[in-house]
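> Let me begin by handing over the structure; questions about it come next.
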Amino acid sequence: MTTTPNPPESTDPRTAAEPTPPQYPEQPPAYPAGPTQPPAPPAYPAYPARSAPPAYPDPTAQTPPPPAYPQPPAQHAAPPVPPQPQPAIPPQPTTPAPLHAHHISTDQRRVYLKAHQRHTDATAFGTLLLYLPHFLSSLLVVSLVSLVSVGGLGILAWLLSGLLVIHRPTEEVIARRMLGLRHPTQEEFARLAPVWQEVAARAGVDAQNYQLWIEENDTDLNAVAAAGHIVGVTTFALNRLPNGELAAVLAHELGHHVGGHAWASLLGYWYALPARLAYRVIRFLALVTLRVAAFFSVLGFLVIALFLGLFAFATLTTLYGLPLLILAAPYALAAVGRRAELRADQHAAALGFAPMLASVLHQMYGADQAAKQQAALAARAAGTRLPKESAIAKLLATHPDHHTRLHHLQPWLQPQPPR
């Protein structure tokens with residue numbers, strides 16, 4: 001058997017370098033078929049259903065008392081806890097009370113002071129003129145006493161003593177001893193000072209030039225102006241009047257100081273003291289002499305009376321009737337004093353306090369009428385009658401009557417026409 005030998009390898013380099021191409025199958029491989037539906041999502045755990053909200057306790061229902069826990073032994077007791085301060089509850093806003101019709105503002109403001117804060121009006125000059133007979137009589141008395149005791153120095157000392165009227169320490173003595181005044185307390189000064197500042201500001205005067213005093217009187221609505229710097233009010237006026245009416249009272253007293261009424265009256269009274277003391281001594285001795293003479297015999301009484309009459313006549317002729325003027329001076333001084341009160345009312349009205357002052361006058365008039373009615377009822381219950389006011393008492397009155405003062409306030413009480 002003959003075998004065919006393998007053909008010899010080609011030695012051609014082109015054929016040797018080309019590899020034989022792979023043989024691919026005629027059909028592609030069969031891949032596994034994909035799913036026709038997407039896979040289901042994984043099952044997550046379900047959340048629990050929402051429960052109903054908890055039931056809160058009703059605030060209107062009564063809560064049961066807390067359970068009583070056993071107390072620890074005394075030896076192991078906790079130290080007591082000090083009470084904690086509770087926070088302050090702010091006050092509820094309330095509607096402010098309406099102000100009085102005569103309430104005025106006392107807020108601080110710029111003050112314009114007058115160049116001449118004082119003057120001497122006609123009533124002050126009239127007061128000094130009417131005290132002139134008293135002054136001359138006092139000068140005679142002081143001269144006689146000085147010649148017997150200390151000589152001419154007594155007259156000079158007496159003349160210079162009038163300067164004490166405007167001396168502040170002497171004014172304090174006058175306020176305490178003669179007028180019965182006292183210094184205001186801290187609460188009284190806190191109420192009185194702002195009103196006085198407002199009055200002084202309207203008048204254009206320095207409020208620090210005057211001293212405020214208090215009279216312990218809870219029944220009378222009154223005030224006083226004395227010496228050179230004293231202004232006093234009663235506790236009734238301070239505690240019962242609204243600040244506008246209190247300002248009207250203070251403005252009235254300031255009018256006495258501004259017009260010179262206060263110092264003129266006190267100065268005249270001071271220089272009239274020696275004459276008044278001498279008159280009282282002579283009057284007392286004359287009455288004692290007449291009583292002693294009448295006790296022994298009628299003839300002795302007549303002789304003493306004749307002697308005293310001749311002495312009085314000689315005195316009148318020697319002094320050119322000056323003692324007669326002294327007898328008539330109280331009536332003239334009362335008339336000038338009533339005029340000074342009207343001028344002080346006009347001063348308060350010019351500062352804008354006319355309605356307030358009229359209200360104060362009405363209150364004073366009502367109080368006087370009530371007092372008179374009570375006195376009349378008391379006299380009727382006792383089976384007596386009240387004496388009528390005499391004409392001499394009216395002439396000696398130091399203040400005008402109620403209707404006269406209101407009549408002089410009418411120009412400031414009438415509505416002013418618009419400008």
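Labeling convention for the structure tokens: chains A, B, ... as they appear, residues from 1 per chain, ligands from 1 in order of appearance.
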With only C-alpha atoms as the counted atoms, please give the residues lying no more than 9 Å from Glu245 (chain A), apart from itself and same-chain residues fewer than 4 positions off, as an mmCIF file with all heavy atoms, in the first residue's frame.

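Okay, this is what ended up in result-v7.cif:
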```
data_model
loop_
_atom_site.group_PDB
_atom_site.id
_atom_site.type_symbol
_atom_site.label_atom_id
_atom_site.label_comp_id
_atom_site.auth_asym_id
_atom_site.auth_seq_id
_atom_site.Cartn_x
_atom_site.Cartn_y
_atom_site.Cartn_z
ATOM 1 N N HIS A 102 -60.179 123.262 87.917
ATOM 2 C CA HIS A 102 -59.226 124.327 88.238
ATOM 3 C C HIS A 102 -57.818 123.790 88.421
ATOM 4 O O HIS A 102 -57.001 124.416 89.116
ATOM 5 C CB HIS A 102 -59.680 125.066 89.500
ATOM 6 C CG HIS A 102 -60.911 125.885 89.294
ATOM 7 N ND1 HIS A 102 -61.727 126.295 90.325
ATOM 8 C CD2 HIS A 102 -61.487 126.373 88.161
ATOM 9 C CE1 HIS A 102 -62.745 126.991 89.841
ATOM 10 N NE2 HIS A 102 -62.618 127.045 88.531
ATOM 11 N N HIS A 103 -57.526 122.653 87.817
ATOM 12 C CA HIS A 103 -56.167 122.111 87.878
ATOM 13 C C HIS A 103 -55.283 122.879 86.885
ATOM 14 O O HIS A 103 -55.693 123.184 85.767
ATOM 15 C CB HIS A 103 -56.172 120.626 87.530
ATOM 16 C CG HIS A 103 -54.806 120.012 87.544
ATOM 17 N ND1 HIS A 103 -54.201 119.564 88.697
ATOM 18 C CD2 HIS A 103 -53.921 119.781 86.536
ATOM 19 C CE1 HIS A 103 -53.020 119.077 88.396
ATOM 20 N NE2 HIS A 103 -52.813 119.194 87.095
ATOM 21 N N ALA A 237 -56.380 124.660 103.613
ATOM 22 C CA ALA A 237 -56.201 125.121 102.232
ATOM 23 C C ALA A 237 -55.230 124.225 101.471
ATOM 24 O O ALA A 237 -55.408 123.971 100.278
ATOM 25 C CB ALA A 237 -55.703 126.561 102.225
ATOM 26 N N LEU A 241 -57.854 122.076 98.809
ATOM 27 C CA LEU A 241 -58.029 122.824 97.557
ATOM 28 C C LEU A 241 -57.256 122.156 96.423
ATOM 29 O O LEU A 241 -56.157 121.634 96.629
ATOM 30 C CB LEU A 241 -57.531 124.262 97.725
ATOM 31 C CG LEU A 241 -58.267 125.144 98.711
ATOM 32 C CD1 LEU A 241 -57.633 126.536 98.754
ATOM 33 C CD2 LEU A 241 -59.743 125.265 98.356
ATOM 34 N N VAL A 249 -54.791 131.415 95.962
ATOM 35 C CA VAL A 249 -54.580 131.918 97.321
ATOM 36 C C VAL A 249 -53.151 132.430 97.491
ATOM 37 O O VAL A 249 -52.918 133.500 98.056
ATOM 38 C CB VAL A 249 -54.893 130.809 98.343
ATOM 39 C CG1 VAL A 249 -54.541 131.252 99.749
ATOM 40 C CG2 VAL A 249 -56.363 130.430 98.278
ATOM 41 N N LEU A 250 -52.178 131.677 96.983
ATOM 42 C CA LEU A 250 -50.782 132.109 97.079
ATOM 43 C C LEU A 250 -50.522 133.360 96.250
ATOM 44 O O LEU A 250 -49.743 134.229 96.665
ATOM 45 C CB LEU A 250 -49.863 130.979 96.631
ATOM 46 C CG LEU A 250 -49.865 129.721 97.503
ATOM 47 C CD1 LEU A 250 -48.967 128.654 96.884
ATOM 48 C CD2 LEU A 250 -49.408 130.029 98.911
ATOM 49 N N PHE A 353 -55.627 133.777 87.587
ATOM 50 C CA PHE A 353 -56.266 132.967 88.620
ATOM 51 C C PHE A 353 -57.628 133.514 89.036
ATOM 52 O O PHE A 353 -58.098 133.207 90.133
ATOM 53 C CB PHE A 353 -55.365 132.881 89.853
ATOM 54 C CG PHE A 353 -54.033 132.239 89.596
ATOM 55 C CD1 PHE A 353 -52.867 132.982 89.663
ATOM 56 C CD2 PHE A 353 -53.947 130.901 89.269
ATOM 57 C CE1 PHE A 353 -51.636 132.398 89.433
ATOM 58 C CE2 PHE A 353 -52.722 130.304 89.023
ATOM 59 C CZ PHE A 353 -51.562 131.054 89.105
ATOM 60 N N PRO A 355 -60.846 132.848 87.927
ATOM 61 C CA PRO A 355 -61.881 131.830 88.214
ATOM 62 C C PRO A 355 -61.581 131.033 89.475
ATOM 63 O O PRO A 355 -62.495 130.709 90.243
ATOM 64 C CB PRO A 355 -61.879 130.956 86.961
ATOM 65 C CG PRO A 355 -61.237 131.778 85.895
ATOM 66 C CD PRO A 355 -60.247 132.630 86.595
ATOM 67 N N MET A 356 -60.305 130.698 89.693
ATOM 68 C CA MET A 356 -59.944 129.948 90.890
ATOM 69 C C MET A 356 -60.194 130.765 92.145
ATOM 70 O O MET A 356 -60.718 130.267 93.152
ATOM 71 C CB MET A 356 -58.480 129.524 90.837
ATOM 72 C CG MET A 356 -58.124 128.603 89.694
ATOM 73 S SD MET A 356 -57.938 129.492 88.125
ATOM 74 C CE MET A 356 -57.091 128.250 87.151
ATOM 75 N N LEU A 357 -59.838 132.058 92.099
ATOM 76 C CA LEU A 357 -60.046 132.913 93.266
ATOM 77 C C LEU A 357 -61.527 133.109 93.549
ATOM 78 O O LEU A 357 -61.949 133.142 94.714
ATOM 79 C CB LEU A 357 -59.355 134.261 93.041
ATOM 80 C CG LEU A 357 -59.389 135.239 94.213
ATOM 81 C CD1 LEU A 357 -58.733 134.637 95.440
ATOM 82 C CD2 LEU A 357 -58.701 136.545 93.826
ATOM 83 N N ALA A 358 -62.338 133.227 92.501
ATOM 84 C CA ALA A 358 -63.786 133.352 92.702
ATOM 85 C C ALA A 358 -64.345 132.098 93.361
ATOM 86 O O ALA A 358 -65.217 132.183 94.250
ATOM 87 C CB ALA A 358 -64.474 133.612 91.364
ATOM 88 N N SER A 359 -63.845 130.926 92.975
ATOM 89 C CA SER A 359 -64.293 129.691 93.610
ATOM 90 C C SER A 359 -63.916 129.666 95.083
ATOM 91 O O SER A 359 -64.696 129.236 95.942
ATOM 92 C CB SER A 359 -63.686 128.494 92.873
ATOM 93 O OG SER A 359 -64.038 127.288 93.505
ATOM 94 N N VAL A 360 -62.713 130.115 95.408
ATOM 95 C CA VAL A 360 -62.288 130.167 96.815
ATOM 96 C C VAL A 360 -63.169 131.128 97.607
ATOM 97 O O VAL A 360 -63.566 130.837 98.747
ATOM 98 C CB VAL A 360 -60.807 130.567 96.895
ATOM 99 C CG1 VAL A 360 -60.391 130.807 98.337
ATOM 100 C CG2 VAL A 360 -59.927 129.488 96.282
#
```
> DSSP on the backbone: what in region 193-264 of chain A comes out alpha helix (DSSP H), as JSON, numbers by chain?
{"A": [193, 194, 195, 196, 197, 198, 199, 200, 201, 202, 203, 235, 236, 237, 238, 239, 240, 243, 244, 245, 246, 247, 248, 249, 250, 251, 252, 253, 254, 255, 256, 257, 258, 261, 262, 263, 264]}
> Restricting the calculation to only C-alpha atoms: of A:Val141, A:Ala203, A:Tyr131, A:Leu99, which residue gets closest to Val281 (chain A)?
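The shortest atom-to-atom distance to Val281 (chain A) comes from A:Val141.
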> I'd like the contact shell of Met364 (chain A) - 12 Å cut-off, only C-alpha atoms, skipping same-chain residues fewer than 2 positions apart - returned as a ChimeraX atom specification.
/A:219-222,236-237,241,249,357-362,366-371,401-403,405
> Please write the residues from the selection above to a file, keeping N, CA and C atoms, as a tab-separated table (two decimals), in the first residue's frame.

```
chain	number	residue	atom	x	y	z
A	219	THR	N	-59.79	123.77	109.77
A	219	THR	CA	-61.18	124.23	109.65
A	219	THR	C	-61.33	125.50	108.83
A	220	ASP	N	-60.28	126.32	108.75
A	220	ASP	CA	-60.39	127.62	108.07
A	220	ASP	C	-59.58	127.60	106.78
A	221	LEU	N	-60.17	128.17	105.75
A	221	LEU	CA	-59.49	128.36	104.47
A	221	LEU	C	-58.85	129.74	104.52
A	222	ASN	N	-57.56	129.78	104.81
A	222	ASN	CA	-56.93	131.07	105.05
A	222	ASN	C	-55.46	131.01	104.64
A	236	PHE	N	-55.84	123.28	106.03
A	236	PHE	CA	-57.10	123.08	105.32
A	236	PHE	C	-56.96	123.48	103.86
A	237	ALA	N	-56.38	124.66	103.61
A	237	ALA	CA	-56.20	125.12	102.23
A	237	ALA	C	-55.23	124.23	101.47
A	241	LEU	N	-57.85	122.08	98.81
A	241	LEU	CA	-58.03	122.82	97.56
A	241	LEU	C	-57.26	122.16	96.42
A	249	VAL	N	-54.79	131.42	95.96
A	249	VAL	CA	-54.58	131.92	97.32
A	249	VAL	C	-53.15	132.43	97.49
A	357	LEU	N	-59.84	132.06	92.10
A	357	LEU	CA	-60.05	132.91	93.27
A	357	LEU	C	-61.53	133.11	93.55
A	358	ALA	N	-62.34	133.23	92.50
A	358	ALA	CA	-63.79	133.35	92.70
A	358	ALA	C	-64.35	132.10	93.36
A	359	SER	N	-63.84	130.93	92.98
A	359	SER	CA	-64.29	129.69	93.61
A	359	SER	C	-63.92	129.67	95.08
A	360	VAL	N	-62.71	130.12	95.41
A	360	VAL	CA	-62.29	130.17	96.82
A	360	VAL	C	-63.17	131.13	97.61
A	361	LEU	N	-63.49	132.27	97.03
A	361	LEU	CA	-64.36	133.23	97.72
A	361	LEU	C	-65.74	132.65	97.96
A	362	HIS	N	-66.26	131.89	97.00
A	362	HIS	CA	-67.56	131.24	97.20
A	362	HIS	C	-67.51	130.24	98.34
A	366	GLY	N	-69.64	130.49	101.75
A	366	GLY	CA	-70.50	129.41	102.19
A	366	GLY	C	-70.16	128.94	103.60
A	367	ALA	N	-68.86	128.88	103.92
A	367	ALA	CA	-68.48	128.48	105.28
A	367	ALA	C	-68.92	129.51	106.30
A	368	ASP	N	-68.82	130.81	105.97
A	368	ASP	CA	-69.28	131.85	106.90
A	368	ASP	C	-70.79	131.77	107.12
A	369	GLN	N	-71.53	131.55	106.06
A	369	GLN	CA	-72.97	131.46	106.20
A	369	GLN	C	-73.37	130.23	107.03
A	370	ALA	N	-72.68	129.12	106.82
A	370	ALA	CA	-72.98	127.92	107.61
A	370	ALA	C	-72.67	128.14	109.08
A	371	ALA	N	-71.57	128.83	109.37
A	371	ALA	CA	-71.23	129.12	110.77
A	371	ALA	C	-72.27	130.04	111.41
A	401	ASP	N	-66.56	142.67	101.95
A	401	ASP	CA	-67.54	141.59	101.94
A	401	ASP	C	-67.44	140.79	100.64
A	402	HIS	N	-68.13	139.67	100.63
A	402	HIS	CA	-68.04	138.72	99.52
A	402	HIS	C	-68.46	139.34	98.19
A	403	HIS	N	-69.55	140.06	98.18
A	403	HIS	CA	-70.08	140.61	96.93
A	403	HIS	C	-69.17	141.71	96.38
A	405	ARG	N	-65.89	141.87	96.66
A	405	ARG	CA	-64.71	141.25	96.07
A	405	ARG	C	-65.05	140.62	94.72
```
> Per residue of region 159-242 of chain A within 12 Å of region 337-349 of chain A, record the nearest atom pair and its distance in Å to one decimal, counting only C-alpha atoms, with rows in chain order and ascending residue number, as JSON lines.

```
{"residue": "A:Val199", "atom": "CA", "partner": "A:Ala348", "partner_atom": "CA", "distance": 8.9}
{"residue": "A:Ala200", "atom": "CA", "partner": "A:Ala348", "partner_atom": "CA", "distance": 11.0}
{"residue": "A:Arg202", "atom": "CA", "partner": "A:Ala348", "partner_atom": "CA", "distance": 9.9}
{"residue": "A:Ala203", "atom": "CA", "partner": "A:His347", "partner_atom": "CA", "distance": 8.9}
{"residue": "A:Val224", "atom": "CA", "partner": "A:Glu341", "partner_atom": "CA", "distance": 11.6}
{"residue": "A:Ala225", "atom": "CA", "partner": "A:Ala344", "partner_atom": "CA", "distance": 10.9}
```
> Which residue is closest to Ala190 (chain A)? Choose from A:Val205, A:Leu212, A:Met178, A:Val111 and count only C-alpha atoms.
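Of A:Val205, A:Leu212, A:Met178, A:Val111, the one nearest Ala190 (chain A), counting only C-alpha atoms, is A:Leu212.
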> Quick check, in Å to one decimal: how far apart do CA of Phe189 (chain A) and CA of Leu163 (chain A) lie?
29.1 Å
> Which residues are near Glu172 (chain A)? Cut-off 12 Å, only C-alpha atoms, ignore same chain within fewer than 2 positions. Put them as a count of residues only.
28
> Quick one: of A:Asp121, A:Leu246, A:His257, A:Pro133, who's nearest to Ile104 (chain A), counting only C-alpha atoms?
A:Leu246
